[in-house]
Structures are given as structure tokens and as C-alpha cells.
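Structure first, commentary second.
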Amino acid sequence: MKSGWAQIIAIWVLVALATILVTVSGLESKKAFESYGAILASSCAAVALIHLFKSRPAGIVRELIYVAGGSYLMLAIASSYLFLRG
């Protein structure tokens with residue numbers, strides 16, 4: 001597995017864990033949605049930080065797209081769950 005995919009999957013795992021933690025914590029929906037926004041922003045910032053420390057810009061756009069897309073999908077599913085839960 002290329003290192004780019006390892007980083008993408010590692011960030012997805014962290015996003016999934018944070019999403020589950022926020023979803024089951026019992027926060028009211030508005031606070032949970034705000035936390036989801038912070039999780040999404042943090043996942044994109046993590047990619048930028050990794051590339052900043054590596055000092056190698058190759059592949060940053062692809063990794064940002066995959067991380068943001070996967071994170072958005074996980075958070076959309078969690079948001080739907082909270083919305084339907086009422």
C-alpha cells in the first residue's frame with residue numbers, strides 16, 4: 001500500500017472514531033452538528049499538516065479530495081442518523 005493511502009485511511013479511521021464518539025455522547029443535535037463541522041475541518045487540516053512536515057507537495061490535492069470526500073460521507077451518514085433520531 002502506498003504511503004498516501006495509508007495516511008488517508010488513518011485519517012478516515014480517526015474521523016470515524018471521532019464521529020462515533022460525538023454521535024453516542026448524547027449531545028443535542030445542534031452541538032453535534034457543530035462538532036461534525038470541526039471534525040471535517042480537522043481532517044482537511046491534518047492532510048495539509050502532513051504535507052507541510054513532509055515538505056513534498058506531490059499528491060496533496062488527491063489526498064485532500066479523498067480525505068474530505070470520505071469524511072463528508074461518514075459525517076453525512078451520522079447527521080442523517082441524528083436527524084432521523086429526532
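In the C-alpha cells, each chain is lettered A, B, ... as it comes, each chain's residues begin at 1, and ligands are numbered from 1 in order of appearance.
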
> Quick one: residues within 12 Å of Ala6 in chain A, only C-alpha atoms counted, chain neighbours fewer than 4 positions away excluded, as a PyMOL selection string?
Replying inline: chain A and resi 1-2+10-13+47+63+66-67

> What is the distance between CA of Leu49 in chain A and CA of Gly70 in chain A, in Å to one decimal?
Replying inline: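 About the pair CA of Leu49 in chain A and CA of Gly70 in chain A: they are 18.1 Å apart.
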
> Between CA of Ser79 in chain A and CA of Thr23 in chain A, what is the spacing in Å?
Replying inline: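 So the answer is 8.6 Å.
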
>> My list of candidates is A:Ile9, A:Leu52, A:Ala18, A:Leu84. Which is closest to Tyr36 in chain A when distances are computed with only C-alpha atoms?
In response: A:Ala18

> For Met74 in chain A, which residue among A:Gly26, A:Gly86, A:Gly37, A:Gly59 is the nearest when counting only C-alpha atoms?
Replying inline: A:Gly37

> Which one of A:Gln7, A:Leu75, A:Ala68, A:Leu82 sits closest to Ser43 in chain A if you count only C-alpha atoms?
Replying inline: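 Among the listed residues, A:Ala68 lies closest to Ser43 in chain A.
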
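Closest approach to Ala46 in chain A from the set A:Ala76, A:Thr19, A:Leu14, A:Phe83 is made by A:Leu14, with distances taken over only C-alpha atoms.
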
> So what do you get for CA of Ser35 in chain A versus CA of Val22 in chain A, distance-wise?
Replying inline: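 We find that CA of Ser35 in chain A and CA of Val22 in chain A lie 7.2 Å from each other.
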